[in-house]
Amino acid sequence: MRNVQKILVNQKTSNKYFVKDLEEDFHTAAGIISKNDLQSNKVEVESSTGSKFSLFNPSFVDFWENLQRGPQVMVQKDIGMILAKTGINHESRIVDAGGGSGSLCLSLANICKEITVYEINPEHYDVIQKNMKTAGLNNVTLKQQSVYDGIGEENLDLITLDLPEPWQAIAHAEKSLKEGGFLVVYLPNLTQMKILTDALRRSSLKVLEILELIERKWKIEDKIMRPEFQMLGHTGFLLFCRKI
């Protein structure tokens, strides 16, 4: 992953800035950071108004937060569950179909050996390309093809589907997954999930579980200890299958 960008964090307000161009001075509400400071090895810099900023190289989470958005992205709570439930690692080979903006596939690419992404929508395809470039990931193969027509890769550890009719890809997933490999499907409503589970009963893929995650943050400050008033509720259902 390349480090031609920088992260600036205002030490007083904790406001964070993703700096993509180190050849120009960077303007913030708390003053201007000179390009000389941005290009330096300093870990602390001052703006033109004397505000102090921490300066460091971005990690993947910084890239993820600044992905160019196209279609609705899969959020971190759901991505994290996929990582935890499938146990992918630096040796894993993956196919992701319905790449969207690249939120899931690039998160997987940050960990796995190689990933092939099927995205038929030309606008989404372009967004993923731009986000791949920003993140500097070179283990991603992007195909402008429909996974409904087939999966060319074999002996896969994981296949993820974020598609309106994933049941059309079940037979292809069966052939391409290795023994013990996982199929994970992300769907927004239960009607789709019912059709999918009915189709899976006629396959060699065993349904392990279907779940959704609710995220609720807490406010702990002085004598206050309570949940935040807003929470991240339903985003989608996750279905986990395994070839056994």
# chains A, B, ... in the order shown; residues from 1 in each chain; ligands from 1
call {"tool": "residues_around", "arguments": {"residues": "Asn155 (chain A)", "least_positions_apart": "5", "cutoff": "6 Å", "atoms": "only C-alpha atoms", "output": "mmCIF file with N, CA and C atoms, in the first residue's frame"}}
result
data_model
loop_
_atom_site.group_PDB
_atom_site.id
_atom_site.type_symbol
_atom_site.label_atom_id
_atom_site.label_comp_id
_atom_site.auth_asym_id
_atom_site.auth_seq_id
_atom_site.Cartn_x
_atom_site.Cartn_y
_atom_site.Cartn_z
ATOM 1 N N SER A 176 -16.776 -23.466 -7.740
ATOM 2 C CA SER A 176 -15.551 -22.685 -7.565
ATOM 3 C C SER A 176 -14.995 -22.712 -6.147
ATOM 4 N N LEU A 177 -15.824 -23.026 -5.152
ATOM 5 C CA LEU A 177 -15.338 -23.087 -3.775
ATOM 6 C C LEU A 177 -14.575 -24.383 -3.533
ATOM 7 N N LYS A 178 -13.522 -24.315 -2.774
ATOM 8 C CA LYS A 178 -12.840 -25.532 -2.351
ATOM 9 C C LYS A 178 -13.625 -26.156 -1.198
#
call {"tool": "residues_around", "arguments": {"residues": "region 231-242 of chain A", "least_positions_apart": "4", "cutoff": "10 Å", "atoms": "only C-alpha atoms", "output": "number ranges by chain"}}
result
A: 72-75, 77-79, 81-82, 85-86, 157-162, 174, 177-190, 192-193, 196-197, 200, 204-218, 227
call {"tool": "residues_around", "arguments": {"residues": "His90 (chain A)", "least_positions_apart": "2", "cutoff": "8 Å", "atoms": "only C-alpha atoms", "output": "JSON, numbers by chain"}}
result
{"A": [88, 92, 111, 112, 113]}
call {"tool": "closest_atom_pairs", "arguments": {"of": "region 12-72 of chain A", "to": "region 115-131 of chain A", "cutoff": "9 Å", "atoms": "only C-alpha atoms", "output": "CSV"}}
result
residue,atom,partner,partner_atom,distance
A:Phe63,CA,A:Asn131,CA,8.4
A:Trp64,CA,A:Asn131,CA,8.8
A:Asn66,CA,A:Asn131,CA,8.9
A:Leu67,CA,A:Asn131,CA,5.9
A:Gln68,CA,A:Asn131,CA,6.4
A:Arg69,CA,A:Val127,CA,7.4
A:Gly70,CA,A:His124,CA,6.4
A:Pro71,CA,A:His124,CA,7.2
call {"tool": "write_last_selection", "arguments": {"atoms": "N, CA and C atoms", "output": "CSV table (one decimal), in the first residue's frame"}}
result
chain,number,residue,atom,x,y,z
A,63,PHE,N,-8.3,5.1,4.5
A,63,PHE,CA,-8.7,5.0,3.1
A,63,PHE,C,-10.2,4.6,3.0
A,64,TRP,N,-10.6,3.7,3.9
A,64,TRP,CA,-12.0,3.2,3.8
A,64,TRP,C,-12.9,4.4,4.1
A,66,ASN,N,-12.6,7.3,3.4
A,66,ASN,CA,-12.6,8.3,2.4
A,66,ASN,C,-12.8,7.7,1.0
A,67,LEU,N,-13.4,6.5,1.0
A,67,LEU,CA,-13.7,5.9,-0.3
A,67,LEU,C,-14.7,6.8,-1.1
A,68,GLN,N,-14.5,6.9,-2.4
A,68,GLN,CA,-15.5,7.6,-3.2
A,68,GLN,C,-16.8,6.7,-3.2
A,69,ARG,N,-17.9,7.4,-2.9
A,69,ARG,CA,-19.2,6.6,-2.8
A,69,ARG,C,-19.9,6.7,-4.1
A,70,GLY,N,-20.5,5.5,-4.4
A,70,GLY,CA,-21.4,5.4,-5.6
A,70,GLY,C,-22.6,4.8,-5.0
A,71,PRO,N,-22.8,3.5,-5.2
A,71,PRO,CA,-24.0,2.8,-4.5
A,71,PRO,C,-23.8,2.7,-3.0
call {"tool": "select_by_dssp", "arguments": {"residues": "region 22-211 of chain A", "states": "strand (DSSP E)", "output": "VMD selection string"}}
result
chain A and resid 26 to 28 31 to 33 44 to 46 52 to 56 93 to 97 114 to 118 140 to 143 156 to 161 177 to 187 205 to 211
call {"tool": "select_by_dssp", "arguments": {"residues": "region 12-185 of chain A", "states": "helix (DSSP H, G or I)", "output": "NGL selection string"}}
result
:A and (35-38 or 60-65 or 76-86 or 103-109 or 122-135 or 147-149 or 166-176)
call {"tool": "atom_distance", "arguments": {"atom1": "CA of Glu221 (chain A)", "atom2": "CA of Lys16 (chain A)"}}
result
21.3 Å
